[in-house]
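Dumped target34.cif below, it's mmCIF, C-alpha atoms and all ligand atoms:
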data_query
loop_
_atom_site.group_PDB
_atom_site.id
_atom_site.type_symbol
_atom_site.label_atom_id
_atom_site.label_comp_id
_atom_site.auth_asym_id
_atom_site.auth_seq_id
_atom_site.Cartn_x
_atom_site.Cartn_y
_atom_site.Cartn_z
ATOM 1 C CA GLY D 1 128.198 111.245 93.269
ATOM 2 C CA CYS D 2 128.749 110.407 96.889
ATOM 3 C CA LEU D 3 131.616 108.416 98.372
ATOM 4 C CA ALA D 4 130.726 106.999 101.796
ATOM 5 C CA PRO D 5 131.641 104.068 103.986
ATOM 6 C CA GLY D 6 129.359 101.047 103.767
ATOM 7 C CA PHE D 7 126.510 101.031 106.257
ATOM 8 C CA ILE D 8 126.507 98.715 109.272
ATOM 9 C CA ASP D 9 123.283 96.975 110.321
ATOM 10 C CA THR D 10 123.750 96.063 113.999
ATOM 11 C CA HIS D 11 120.662 93.844 114.320
ATOM 12 C CA VAL D 12 118.938 91.888 111.555
ATOM 13 C CA HIS D 13 117.403 88.415 111.099
ATOM 14 C CA TYR D 14 118.315 86.935 107.701
ATOM 15 C CA PRO D 15 115.596 84.222 107.815
ATOM 16 C CA GLN D 16 112.830 86.793 108.315
ATOM 17 C CA LEU D 17 112.737 88.561 104.927
ATOM 18 C CA ASP D 18 109.472 86.781 104.094
ATOM 19 C CA VAL D 19 107.638 87.954 107.237
ATOM 20 C CA MET D 20 108.502 91.600 106.670
ATOM 21 C CA GLY D 21 105.273 93.605 106.777
ATOM 22 C CA SER D 22 103.141 90.902 108.421
ATOM 23 C CA PRO D 23 100.792 92.835 110.704
ATOM 24 C CA ALA D 24 100.198 91.774 114.314
ATOM 25 C CA SER D 25 98.887 93.364 117.491
ATOM 26 C CA GLY D 26 102.358 93.173 119.042
ATOM 27 C CA LEU D 27 105.628 91.270 119.338
ATOM 28 C CA LEU D 28 104.449 88.014 120.919
ATOM 29 C CA PRO D 29 101.592 87.227 118.480
ATOM 30 C CA TRP D 30 103.875 88.283 115.605
ATOM 31 C CA LEU D 31 106.491 85.738 116.721
ATOM 32 C CA GLU D 32 103.945 82.976 117.218
ATOM 33 C CA ASN D 33 101.850 83.499 114.086
ATOM 34 C CA TYR D 34 104.432 84.452 111.470
ATOM 35 C CA THR D 35 108.044 84.308 112.575
ATOM 36 C CA PHE D 36 108.412 80.979 114.346
ATOM 37 C CA PRO D 37 106.540 79.084 111.569
ATOM 38 C CA LEU D 38 108.812 80.663 108.926
ATOM 39 C CA GLU D 39 112.034 79.993 110.869
ATOM 40 C CA ARG D 40 111.127 76.293 111.244
ATOM 41 C CA ARG D 41 111.643 75.927 107.479
ATOM 42 C CA PHE D 42 115.367 76.649 107.849
ATOM 43 C CA ALA D 43 115.964 73.094 109.009
ATOM 44 C CA ASP D 44 116.033 72.481 105.240
ATOM 45 C CA GLU D 45 119.566 73.212 103.980
ATOM 46 C CA ASP D 46 118.471 74.189 100.477
ATOM 47 C CA ILE D 47 115.918 76.714 101.733
ATOM 48 C CA ALA D 48 118.485 78.167 104.135
ATOM 49 C CA GLN D 49 121.137 78.530 101.435
ATOM 50 C CA GLU D 50 118.768 80.071 98.911
ATOM 51 C CA CYS D 51 117.496 82.617 101.449
ATOM 52 C CA ALA D 52 121.027 83.366 102.709
ATOM 53 C CA ASP D 53 122.333 84.066 99.198
ATOM 54 C CA PHE D 54 119.355 86.295 98.407
ATOM 55 C CA PHE D 55 119.669 88.135 101.737
ATOM 56 C CA ILE D 56 123.374 88.935 101.282
ATOM 57 C CA GLY D 57 122.596 90.291 97.812
ATOM 58 C CA GLN D 58 119.886 92.513 99.322
ATOM 59 C CA LEU D 59 122.211 93.885 102.019
ATOM 60 C CA LEU D 60 124.789 94.851 99.397
ATOM 61 C CA HIS D 61 122.078 96.322 97.162
ATOM 62 C CA HIS D 62 121.173 98.644 100.067
ATOM 63 C CA GLY D 63 124.782 99.653 100.734
ATOM 64 C CA VAL D 64 125.156 97.547 103.874
ATOM 65 C CA THR D 65 128.618 95.967 103.978
ATOM 66 C CA THR D 66 128.709 94.845 107.635
ATOM 67 C CA ALA D 67 125.945 93.189 109.651
ATOM 68 C CA LEU D 68 125.324 91.535 113.003
ATOM 69 C CA CYS D 69 122.809 88.885 112.119
ATOM 70 C CA PHE D 70 120.535 86.246 113.664
ATOM 71 C CA ALA D 71 120.277 82.891 111.883
ATOM 72 C CA THR D 72 117.769 80.323 113.226
ATOM 73 C CA SER D 73 118.221 77.610 115.850
ATOM 74 C CA HIS D 74 119.376 75.188 113.130
ATOM 75 C CA PRO D 75 123.197 75.020 112.955
ATOM 76 C CA ASN D 76 123.065 74.593 109.163
ATOM 77 C CA SER D 77 121.390 78.022 108.926
ATOM 78 C CA VAL D 78 124.638 79.548 110.249
ATOM 79 C CA ASP D 79 126.733 77.637 107.726
ATOM 80 C CA ALA D 80 124.468 78.937 104.954
ATOM 81 C CA ILE D 81 124.772 82.642 105.828
ATOM 82 C CA MET D 82 128.516 82.389 106.534
ATOM 83 C CA ARG D 83 129.118 80.768 103.139
ATOM 84 C CA ALA D 84 126.976 83.389 101.389
ATOM 85 C CA ALA D 85 128.821 86.264 103.111
ATOM 86 C CA GLN D 86 132.227 84.723 102.507
ATOM 87 C CA ALA D 87 131.504 84.434 98.784
ATOM 88 C CA GLN D 88 130.806 88.214 98.650
ATOM 89 C CA ARG D 89 133.727 89.117 101.000
ATOM 90 C CA MET D 90 131.182 90.651 103.412
ATOM 91 C CA ARG D 91 131.951 91.465 107.027
ATOM 92 C CA LEU D 92 129.245 89.393 108.690
ATOM 93 C CA ILE D 93 128.797 88.355 112.293
ATOM 94 C CA ALA D 94 126.127 85.723 112.869
ATOM 95 C CA GLY D 95 125.060 83.045 115.302
ATOM 96 C CA LYS D 96 122.815 80.074 115.883
ATOM 97 C CA VAL D 97 119.756 81.124 117.865
ATOM 98 C CA LEU D 98 119.555 79.562 121.342
ATOM 99 C CA GLN D 99 115.939 78.808 122.362
ATOM 100 C CA ASP D 100 115.325 75.753 124.528
ATOM 101 C CA ARG D 101 111.819 76.567 125.825
ATOM 102 C CA HIS D 102 108.487 78.193 124.916
ATOM 103 C CA SER D 103 109.126 77.519 121.242
ATOM 104 C CA PRO D 104 107.397 75.254 118.714
ATOM 105 C CA ALA D 105 108.652 71.798 117.772
ATOM 106 C CA GLY D 106 111.115 72.040 114.922
ATOM 107 C CA LEU D 107 112.511 75.300 116.248
ATOM 108 C CA GLN D 108 113.095 74.608 119.949
ATOM 109 C CA ASP D 109 116.540 73.260 120.913
ATOM 110 C CA ALA D 110 116.491 69.620 122.082
ATOM 111 C CA ASN D 111 118.255 70.674 125.292
ATOM 112 C CA ALA D 112 120.632 73.325 126.616
ATOM 113 C CA GLU D 113 123.712 71.142 126.543
ATOM 114 C CA GLN D 114 123.407 70.169 122.892
ATOM 115 C CA SER D 115 122.638 73.754 121.820
ATOM 116 C CA LEU D 116 125.791 74.973 123.569
ATOM 117 C CA GLN D 117 127.900 72.243 121.967
ATOM 118 C CA GLN D 118 126.525 73.270 118.575
ATOM 119 C CA THR D 119 127.412 76.887 119.376
ATOM 120 C CA GLU D 120 130.982 76.002 120.305
ATOM 121 C CA ALA D 121 131.447 73.939 117.149
ATOM 122 C CA LEU D 122 130.218 76.895 115.045
ATOM 123 C CA ILE D 123 132.564 79.306 116.840
ATOM 124 C CA GLN D 124 135.458 77.029 115.982
ATOM 125 C CA ARG D 125 134.296 76.647 112.378
ATOM 126 C CA TRP D 126 133.596 80.301 111.539
ATOM 127 C CA HIS D 127 134.873 82.880 114.047
ATOM 128 C CA GLY D 128 137.785 84.893 112.631
ATOM 129 C CA ARG D 129 137.670 83.306 109.167
ATOM 130 C CA ASP D 130 138.115 85.987 106.499
ATOM 131 C CA ARG D 131 135.732 88.812 107.544
ATOM 132 C CA LEU D 132 133.377 86.508 109.447
ATOM 133 C CA GLY D 133 132.702 86.539 113.163
ATOM 134 C CA TYR D 134 130.529 84.553 115.552
ATOM 135 C CA ALA D 135 127.874 85.963 117.856
ATOM 136 C CA ILE D 136 126.561 83.890 120.780
ATOM 137 C CA THR D 137 122.816 84.340 120.242
ATOM 138 C CA PRO D 138 120.256 83.636 122.972
ATOM 139 C CA ARG D 139 116.992 84.717 121.271
ATOM 140 C CA PHE D 140 115.634 86.452 124.409
ATOM 141 C CA ALA D 141 115.222 85.533 128.063
ATOM 142 C CA ALA D 142 111.673 84.192 127.556
ATOM 143 C CA THR D 143 112.768 81.373 125.238
ATOM 144 C CA SER D 144 115.922 80.288 127.097
ATOM 145 C CA SER D 145 116.159 78.303 130.316
ATOM 146 C CA GLY D 146 118.412 79.694 133.047
ATOM 147 C CA GLN D 147 120.752 76.813 132.275
ATOM 148 C CA GLN D 148 121.009 77.812 128.616
ATOM 149 C CA LEU D 149 121.601 81.494 129.439
ATOM 150 C CA HIS D 150 124.317 80.655 131.963
ATOM 151 C CA GLY D 151 125.938 78.234 129.534
ATOM 152 C CA ALA D 152 125.929 80.977 126.894
ATOM 153 C CA GLY D 153 127.596 83.305 129.418
ATOM 154 C CA GLU D 154 130.275 80.699 130.097
ATOM 155 C CA LEU D 155 130.993 80.394 126.377
ATOM 156 C CA ALA D 156 131.163 84.187 126.151
ATOM 157 C CA ALA D 157 133.839 84.176 128.877
ATOM 158 C CA GLN D 158 135.697 81.282 127.293
ATOM 159 C CA TYR D 159 135.681 83.005 123.863
ATOM 160 C CA PRO D 160 136.004 86.692 124.870
ATOM 161 C CA ASP D 161 136.624 87.772 121.305
ATOM 162 C CA THR D 162 133.178 86.619 120.073
ATOM 163 C CA TRP D 163 130.097 88.832 119.995
ATOM 164 C CA ILE D 164 126.859 88.350 121.949
ATOM 165 C CA GLN D 165 123.457 89.356 120.549
ATOM 166 C CA SER D 166 119.956 89.200 121.982
ATOM 167 C CA HIS D 167 116.788 91.219 122.542
ATOM 168 C CA VAL D 168 115.803 93.141 125.677
ATOM 169 C CA ALA D 169 112.896 95.284 126.869
ATOM 170 C CA GLU D 170 111.132 95.565 123.504
ATOM 171 C CA ASN D 171 107.468 95.220 124.427
ATOM 172 C CA THR D 172 105.505 95.652 127.669
ATOM 173 C CA GLU D 173 103.936 92.162 127.526
ATOM 174 C CA GLU D 174 107.342 90.628 126.865
ATOM 175 C CA VAL D 175 108.826 92.510 129.856
ATOM 176 C CA GLN D 176 106.051 91.209 132.155
ATOM 177 C CA TRP D 177 106.519 87.664 130.884
ATOM 178 C CA VAL D 178 110.279 87.744 131.542
ATOM 179 C CA GLN D 179 109.706 89.190 135.026
ATOM 180 C CA SER D 180 107.345 86.292 135.810
ATOM 181 C CA LEU D 181 109.874 83.729 134.500
ATOM 182 C CA PHE D 182 112.791 85.245 136.468
ATOM 183 C CA PRO D 183 111.160 86.666 139.635
ATOM 184 C CA GLU D 184 114.540 86.947 141.385
ATOM 185 C CA ALA D 185 115.948 89.339 138.753
ATOM 186 C CA ARG D 186 115.864 93.089 139.497
ATOM 187 C CA SER D 187 114.953 93.808 135.879
ATOM 188 C CA TYR D 188 114.823 92.154 132.463
ATOM 189 C CA LEU D 189 118.377 93.341 131.729
ATOM 190 C CA ASP D 190 119.502 91.916 135.073
ATOM 191 C CA VAL D 191 118.634 88.397 133.813
ATOM 192 C CA TYR D 192 121.429 88.781 131.244
ATOM 193 C CA GLN D 193 123.803 90.344 133.782
ATOM 194 C CA GLN D 194 123.287 87.375 136.141
ATOM 195 C CA ALA D 195 124.102 84.986 133.290
ATOM 196 C CA GLY D 196 127.368 86.762 132.386
ATOM 197 C CA LEU D 197 125.993 88.084 129.117
ATOM 198 C CA LEU D 198 126.783 91.799 129.522
ATOM 199 C CA ARG D 199 130.204 92.738 128.208
ATOM 200 C CA HIS D 200 131.975 94.587 125.403
ATOM 201 C CA LYS D 201 130.730 93.331 121.998
ATOM 202 C CA ALA D 202 127.347 92.383 123.486
ATOM 203 C CA ILE D 203 124.577 94.063 121.464
ATOM 204 C CA TYR D 204 120.998 94.167 122.774
ATOM 205 C CA ALA D 205 118.219 95.004 120.349
ATOM 206 C CA HIS D 206 115.503 97.526 121.301
ATOM 207 C CA CYS D 207 116.357 98.595 124.904
ATOM 208 C CA ILE D 208 113.069 100.512 125.111
ATOM 209 C CA TYR D 209 111.853 99.716 128.650
ATOM 210 C CA LEU D 210 115.129 100.194 130.553
ATOM 211 C CA ASP D 211 115.431 102.249 133.710
ATOM 212 C CA GLU D 212 118.374 104.408 134.779
ATOM 213 C CA ARG D 213 120.074 101.533 136.640
ATOM 214 C CA ASP D 214 119.808 99.365 133.535
ATOM 215 C CA ARG D 215 121.342 102.060 131.354
ATOM 216 C CA ARG D 216 124.220 102.543 133.815
ATOM 217 C CA GLN D 217 124.701 98.767 133.855
ATOM 218 C CA MET D 218 124.949 98.756 130.056
ATOM 219 C CA ALA D 219 127.474 101.618 130.163
ATOM 220 C CA GLU D 220 129.604 100.057 132.914
ATOM 221 C CA THR D 221 129.747 96.644 131.243
ATOM 222 C CA LEU D 222 130.370 98.212 127.787
ATOM 223 C CA ALA D 223 127.347 96.404 126.355
ATOM 224 C CA SER D 224 125.497 98.395 123.674
ATOM 225 C CA ALA D 225 122.036 98.885 122.233
ATOM 226 C CA ALA D 226 120.773 98.346 118.698
ATOM 227 C CA ALA D 227 117.981 100.862 118.106
ATOM 228 C CA CYS D 228 115.382 99.577 115.643
ATOM 229 C CA PRO D 229 112.985 102.409 114.762
ATOM 230 C CA THR D 230 111.092 100.855 111.832
ATOM 231 C CA SER D 231 110.497 97.661 113.811
ATOM 232 C CA ASN D 232 109.348 99.568 116.882
ATOM 233 C CA LEU D 233 106.940 101.579 114.743
ATOM 234 C CA PHE D 234 105.642 98.553 112.824
ATOM 235 C CA LEU D 235 105.081 96.298 115.855
ATOM 236 C CA GLY D 236 103.893 99.196 118.021
ATOM 237 C CA SER D 237 106.567 98.348 120.571
ATOM 238 C CA GLY D 238 107.484 101.797 121.879
ATOM 239 C CA PHE D 239 110.465 104.100 121.359
ATOM 240 C CA PHE D 240 114.191 103.935 122.007
ATOM 241 C CA ASP D 241 115.452 107.065 123.816
ATOM 242 C CA PRO D 242 118.790 108.187 122.296
ATOM 243 C CA GLN D 243 119.204 111.121 124.704
ATOM 244 C CA ALA D 244 118.806 108.858 127.753
ATOM 245 C CA ALA D 245 121.391 106.499 126.265
ATOM 246 C CA LEU D 246 123.807 109.366 125.718
ATOM 247 C CA ALA D 247 123.271 110.733 129.241
ATOM 248 C CA ALA D 248 124.017 107.297 130.736
ATOM 249 C CA GLY D 249 127.093 106.813 128.560
ATOM 250 C CA MET D 250 125.542 103.761 126.924
ATOM 251 C CA GLY D 251 126.656 103.020 123.371
ATOM 252 C CA TRP D 252 124.044 102.564 120.675
ATOM 253 C CA ALA D 253 123.767 102.174 116.928
ATOM 254 C CA LEU D 254 121.052 101.812 114.311
ATOM 255 C CA ALA D 255 119.569 98.572 113.047
ATOM 256 C CA SER D 256 116.817 97.412 110.697
ATOM 257 C CA ASP D 257 115.575 94.434 112.775
ATOM 258 C CA VAL D 258 114.110 92.959 109.590
ATOM 259 C CA GLY D 259 111.640 91.117 109.602
ATOM 260 C CA GLY D 260 110.169 93.188 112.491
ATOM 261 C CA GLY D 261 111.628 96.183 110.677
ATOM 262 C CA THR D 262 110.084 97.169 107.372
ATOM 263 C CA SER D 263 113.168 97.726 105.208
ATOM 264 C CA LEU D 264 116.841 96.779 104.931
ATOM 265 C CA SER D 265 117.547 100.290 103.654
ATOM 266 C CA PRO D 266 119.646 102.375 106.069
ATOM 267 C CA PHE D 267 117.899 105.458 104.689
ATOM 268 C CA GLN D 268 114.530 104.046 105.808
ATOM 269 C CA THR D 269 115.990 103.206 109.227
ATOM 270 C CA MET D 270 117.453 106.692 109.692
ATOM 271 C CA LEU D 271 114.164 108.216 108.502
ATOM 272 C CA GLY D 272 112.251 106.085 111.020
ATOM 273 C CA GLY D 273 114.488 107.359 113.816
ATOM 274 C CA PHE D 274 113.912 110.899 112.602
ATOM 275 C CA PHE D 275 110.105 110.449 112.474
ATOM 276 C CA VAL D 276 110.101 109.199 116.070
ATOM 277 C CA GLN D 277 112.230 112.125 117.197
ATOM 278 C CA GLN D 278 109.864 114.605 115.497
ATOM 279 C CA GLN D 279 107.067 113.275 117.723
ATOM 280 C CA SER D 280 109.159 113.280 120.909
ATOM 281 C CA ARG D 281 109.325 115.917 123.621
ATOM 282 C CA CYS D 282 113.107 116.185 123.229
ATOM 283 C CA PRO D 283 114.277 119.846 123.207
ATOM 284 C CA GLN D 284 115.367 121.023 119.769
ATOM 285 C CA GLN D 285 119.011 121.551 120.737
ATOM 286 C CA ASP D 286 119.334 117.943 121.958
ATOM 287 C CA ARG D 287 117.990 116.310 118.803
ATOM 288 C CA LEU D 288 120.133 114.237 116.486
ATOM 289 C CA THR D 289 121.311 115.971 113.330
ATOM 290 C CA PRO D 290 121.200 114.155 109.978
ATOM 291 C CA GLN D 291 124.976 113.704 110.334
ATOM 292 C CA ALA D 292 124.495 112.056 113.732
ATOM 293 C CA TRP D 293 121.934 109.571 112.367
ATOM 294 C CA TRP D 294 124.443 108.702 109.628
ATOM 295 C CA TRP D 295 127.251 108.306 112.215
ATOM 296 C CA HIS D 296 125.167 105.875 114.273
ATOM 297 C CA HIS D 297 124.745 103.714 111.151
ATOM 298 C CA THR D 298 128.467 103.787 110.170
ATOM 299 C CA ALA D 299 131.406 104.876 112.375
ATOM 300 C CA GLY D 300 129.371 104.796 115.595
ATOM 301 C CA ALA D 301 128.094 101.335 114.743
ATOM 302 C CA ALA D 302 131.658 100.141 114.098
ATOM 303 C CA GLN D 303 132.590 101.453 117.539
ATOM 304 C CA VAL D 304 129.892 99.526 119.419
ATOM 305 C CA LEU D 305 130.869 96.375 117.522
ATOM 306 C CA GLY D 306 134.543 96.891 118.420
ATOM 307 C CA LEU D 307 135.315 97.307 114.698
ATOM 308 C CA GLN D 308 136.522 100.916 114.719
ATOM 309 C CA GLY D 309 139.398 101.231 112.276
ATOM 310 C CA MET D 310 138.086 98.227 110.331
ATOM 311 C CA CYS D 311 134.922 99.662 108.782
ATOM 312 C CA GLY D 312 132.357 102.458 109.023
ATOM 313 C CA ASN D 313 134.772 105.319 108.342
ATOM 314 C CA LEU D 314 136.848 106.513 105.396
ATOM 315 C CA ALA D 315 139.316 108.411 107.628
ATOM 316 C CA PRO D 316 142.916 107.175 107.339
HETATM 317 N N1 LIG P 1 112.250 88.894 120.413
HETATM 318 C C1 LIG P 1 112.506 87.571 120.331
HETATM 319 N N2 LIG P 1 112.629 87.169 119.052
HETATM 320 C C2 LIG P 1 112.464 88.255 118.301
HETATM 321 C C3 LIG P 1 112.478 88.480 116.882
HETATM 322 O O1 LIG P 1 112.682 87.580 116.070
HETATM 323 N N3 LIG P 1 112.249 89.773 116.482
HETATM 324 C C4 LIG P 1 112.033 90.778 117.353
HETATM 325 N N4 LIG P 1 111.836 92.008 116.883
HETATM 326 N N5 LIG P 1 112.005 90.597 118.672
HETATM 327 C C5 LIG P 1 112.207 89.344 119.143
HETATM 328 ZN ZN ZN P 2 115.368 91.241 116.368
#
Give the structure from this file in structure tokens form.
Ligand code: GUN
Ligand code: ZN
Amino acid sequence: GCLAPGFIDTHVHYPQLDVMGSPASGLLPWLENYTFPLERRFADEDIAQECADFFIGQLLHHGVTTALCFATSHPNSVDAIMRAAQAQRMRLIAGKVLQDRHSPAGLQDANAEQSLQQTEALIQRWHGRDRLGYAITPRFAATSSGQQLHGAGELAAQYPDTWIQSHVAENTEEVQWVQSLFPEARSYLDVYQQAGLLRHKAIYAHCIYLDERDRRQMAETLASAAACPTSNLFLGSGFFDPQAALAAGMGWALASDVGGGTSLSPFQTMLGGFFVQQQSRCPQQDRLTPQAWWWHHTAGAAQVLGLQGMCGNLAP
């Protein structure tokens, strides 16, 4: 037998279970051809509730007791996952996805103002109830207007106790696209900094194509990275660099990123990280031990979420 704290998944999309394993040449075609069409279906309350209930059961089946989770842009999709988590006494942090441009009809927000009002109403409905928390959730800089990003940053300042979650620097084509949309920004990460979206309890998925200034910026603002090895391998995105994160003092933790990731199992995620490291040029003495991979999926993950002492560790 083995007694261990529940695992913490720091970045996962509950509506994407059914696109898991859908092959694409990279992130952007994968979003357009599989993920956006699937997420549109979550406008339907019954579909959202059925998928939310099934998803929470799957997390628990895999030993995951805490998760930071994307819903879809439909406010009812947040209600569905919060209800499902509450029924199982899960610690779940989730948010309505903000995406007011470059998205298909049925998924794109009507406008920035309404999407921010919906976000605030959901914060008031769910944040701090039982073990539930709210995460302000701009999908990524390419699908949000500057107005929506800045509005999200204002909400994050107004509700400093909430989480923030998004994606950054996952794929080279995505990075180029964001640079062309925000030519005044020094880097992709800088778009979020300018909008007031870097702070403690802000978790950015992937963080592959960051430079040293970006990593220092993450460390100074206390924002953290969610490393998603199975997703990066599956979509051919590139590789997160744990040693560079450590050197910069930037916090990071492990995540499945399902449906980009290929399994909800923390053992698959840790194994993916290990496979990547085996192929890297990192000197042997600097490599993560099995214990360190485990820490970044439990106690270390609790720390980046600001939940140390609440979960991720059996220590008194
Ligand atoms: N970037 C923007 N949206 C997504 C998503 O749903 N999954 C992943 N992996 N990256 C994204
Ligand atoms: Zn993701």
Exercise. Quick one: which residues end up in the PyMOL selection byres (((not hetatm)) within 7 of (chain P and resi 2)) for this structure, as a ChimeraX atom specification?
Worked result: /D:11-13,167,205,257,260
Go ahead and write the selection's residues with C-alpha atoms as a PDB file, keeping the file's coordinate frame.
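Dumped to result_6.pdb:
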ATOM      1  CA  HIS D  11     120.662  93.844 114.320  1.00  0.00           C
ATOM      2  CA  VAL D  12     118.938  91.888 111.555  1.00  0.00           C
ATOM      3  CA  HIS D  13     117.403  88.415 111.099  1.00  0.00           C
ATOM      4  CA  HIS D 167     116.788  91.219 122.542  1.00  0.00           C
ATOM      5  CA  ALA D 205     118.219  95.004 120.349  1.00  0.00           C
ATOM      6  CA  ASP D 257     115.575  94.434 112.775  1.00  0.00           C
ATOM      7  CA  GLY D 260     110.169  93.188 112.491  1.00  0.00           C
TER       8      GLY D 260
END
Carefully work through the PyMOL selection byres (((chain D and resi 64) around 6) and not hetatm) for this structure and note down the residues it includes, as an mmCIF file with C-alpha atoms, in the coordinates of the input.
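In the end it all went to selection-v1.cif:
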data_model
loop_
_atom_site.group_PDB
_atom_site.id
_atom_site.type_symbol
_atom_site.label_atom_id
_atom_site.label_comp_id
_atom_site.auth_asym_id
_atom_site.auth_seq_id
_atom_site.Cartn_x
_atom_site.Cartn_y
_atom_site.Cartn_z
ATOM 1 C CA GLY D 6 129.359 101.047 103.767
ATOM 2 C CA PHE D 7 126.510 101.031 106.257
ATOM 3 C CA ILE D 8 126.507 98.715 109.272
ATOM 4 C CA LEU D 59 122.211 93.885 102.019
ATOM 5 C CA LEU D 60 124.789 94.851 99.397
ATOM 6 C CA HIS D 62 121.173 98.644 100.067
ATOM 7 C CA GLY D 63 124.782 99.653 100.734
ATOM 8 C CA THR D 65 128.618 95.967 103.978
ATOM 9 C CA THR D 66 128.709 94.845 107.635
#
Run the PyMOL selection byres (((chain D and resi 151) around 10) and not hetatm) on the file and write out the hits as a PDB file with C-alpha atoms, in the frame of the given file.
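Okay, out-v6.pdb is ready:
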ATOM      1  CA  ALA D 112     120.632  73.325 126.616  1.00  0.00           C
ATOM      2  CA  GLU D 113     123.712  71.142 126.543  1.00  0.00           C
ATOM      3  CA  SER D 115     122.638  73.754 121.820  1.00  0.00           C
ATOM      4  CA  LEU D 116     125.791  74.973 123.569  1.00  0.00           C
ATOM      5  CA  GLN D 117     127.900  72.243 121.967  1.00  0.00           C
ATOM      6  CA  SER D 145     116.159  78.303 130.316  1.00  0.00           C
ATOM      7  CA  GLY D 146     118.412  79.694 133.047  1.00  0.00           C
ATOM      8  CA  GLN D 147     120.752  76.813 132.275  1.00  0.00           C
ATOM      9  CA  GLN D 148     121.009  77.812 128.616  1.00  0.00           C
ATOM     10  CA  LEU D 149     121.601  81.494 129.439  1.00  0.00           C
ATOM     11  CA  HIS D 150     124.317  80.655 131.963  1.00  0.00           C
ATOM     12  CA  ALA D 152     125.929  80.977 126.894  1.00  0.00           C
ATOM     13  CA  GLY D 153     127.596  83.305 129.418  1.00  0.00           C
ATOM     14  CA  GLU D 154     130.275  80.699 130.097  1.00  0.00           C
ATOM     15  CA  LEU D 155     130.993  80.394 126.377  1.00  0.00           C
ATOM     16  CA  ALA D 156     131.163  84.187 126.151  1.00  0.00           C
ATOM     17  CA  ALA D 157     133.839  84.176 128.877  1.00  0.00           C
ATOM     18  CA  ALA D 195     124.102  84.986 133.290  1.00  0.00           C
ATOM     19  CA  GLY D 196     127.368  86.762 132.386  1.00  0.00           C
ATOM     20  CA  LEU D 197     125.993  88.084 129.117  1.00  0.00           C
TER      21      LEU D 197
END
List as a Markdown table every residue of chain D that is in contact with ligand LIG 1 (chain P), defined as an atom at most 9 Å from one of its atoms (using only C-alpha atoms and all ligand atoms), together with the nearest atom pair and the distance in Å rounded to one decimal, sorted by chain and then rising number.
| residue | atom | partner | partner_atom | distance |
| --- | --- | --- | --- | --- |
| D:Val12 | CA | P:LIG1 | N3 | 8.6 |
| D:His13 | CA | P:LIG1 | O1 | 6.9 |
| D:Gln16 | CA | P:LIG1 | O1 | 7.8 |
| D:Leu27 | CA | P:LIG1 | N5 | 6.4 |
| D:Leu28 | CA | P:LIG1 | N1 | 7.9 |
| D:Trp30 | CA | P:LIG1 | N3 | 8.6 |
| D:Leu31 | CA | P:LIG1 | O1 | 6.5 |
| D:Thr35 | CA | P:LIG1 | O1 | 6.7 |
| D:Phe36 | CA | P:LIG1 | O1 | 8.0 |
| D:Phe70 | CA | P:LIG1 | O1 | 8.3 |
| D:Arg139 | CA | P:LIG1 | C1 | 5.4 |
| D:Phe140 | CA | P:LIG1 | C1 | 5.3 |
| D:Ala141 | CA | P:LIG1 | C1 | 8.4 |
| D:Ala142 | CA | P:LIG1 | C1 | 8.0 |
| D:Thr143 | CA | P:LIG1 | C1 | 7.9 |
| D:Ser166 | CA | P:LIG1 | C1 | 7.8 |
| D:His167 | CA | P:LIG1 | N1 | 5.5 |
| D:Val168 | CA | P:LIG1 | N1 | 7.6 |
| D:Glu170 | CA | P:LIG1 | N5 | 7.0 |
| D:Asn171 | CA | P:LIG1 | N5 | 8.7 |
| D:Glu174 | CA | P:LIG1 | N1 | 8.3 |
| D:Ala205 | CA | P:LIG1 | N5 | 7.8 |
| D:His206 | CA | P:LIG1 | N4 | 8.0 |
| D:Cys228 | CA | P:LIG1 | N4 | 8.4 |
| D:Ser231 | CA | P:LIG1 | N4 | 6.6 |
| D:Asn232 | CA | P:LIG1 | N4 | 8.0 |
| D:Leu235 | CA | P:LIG1 | N4 | 8.1 |
| D:Asp257 | CA | P:LIG1 | N4 | 6.1 |
| D:Val258 | CA | P:LIG1 | N4 | 7.7 |
| D:Gly259 | CA | P:LIG1 | N3 | 7.0 |
| D:Gly260 | CA | P:LIG1 | N4 | 4.8 |
| D:Gly261 | CA | P:LIG1 | N4 | 7.5 |
For this session: Kindly extract all protein, DNA and RNA residues lying within 8 Å of the coordinates (126.3, 105.2, 109.8) given in the file, considering only C-alpha atoms, and supply them as JSON, numbers by chain.
Result: {"D": [5, 6, 7, 8, 254, 293, 294, 295, 296, 297, 298, 299, 300, 301, 312]}
Exercise. Could you tell me, as a count of residues only, which residues have any atom at most 12 Å from (106.2, 101.5, 113.6), counting only C-alpha atoms?
Worked result: 32
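Rounded to one decimal, atom CA of D:Ala121 and atom CA of D:Ser103 lie 23.0 Å from each other.
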Mind giving me the axis-aligned box for stretch 109-123 of chain D with 5 Å on every side, centre plus edges in Å to one decimal, as AutoDock Vina command-line options?
--center_x 124.5 --center_y 74.5 --center_z 120.8 --size_x 26.1 --size_y 19.7 --size_z 21.6
Exercise. So which residues touch stretch 72-86 of chain D within 9 Å, counting all atoms listed in the file, skipping near sequence neighbours fewer than 2 positions away, as a PyMOL selection string?
Worked result: chain D and resi 13-15+39-40+42-46+48-57+70+88-99+107-109+115+118-119+122+125-126+129-133
Under the rule of at most 10 Å, produce a per-residue listing of stretch 196-251 of chain D near stretch 282-288 of chain D: chain, number, name, the closest pair of atoms, and the distance in Å, as CSV, using only C-alpha atoms.
residue,atom,partner,partner_atom,distance
D:Asp241,CA,D:Cys282,CA,9.4
D:Pro242,CA,D:Leu288,CA,8.5
D:Gln243,CA,D:Asp286,CA,7.4
Please write the residues from the selection above to a file, keeping C-alpha atoms, as a JSON list (two decimals), in the frame of the given file.
[["chain", "number", "residue", "atom", "x", "y", "z"],
["D", 241, "ASP", "CA", 115.45, 107.06, 123.82],
["D", 242, "PRO", "CA", 118.79, 108.19, 122.30],
["D", 243, "GLN", "CA", 119.20, 111.12, 124.70]]
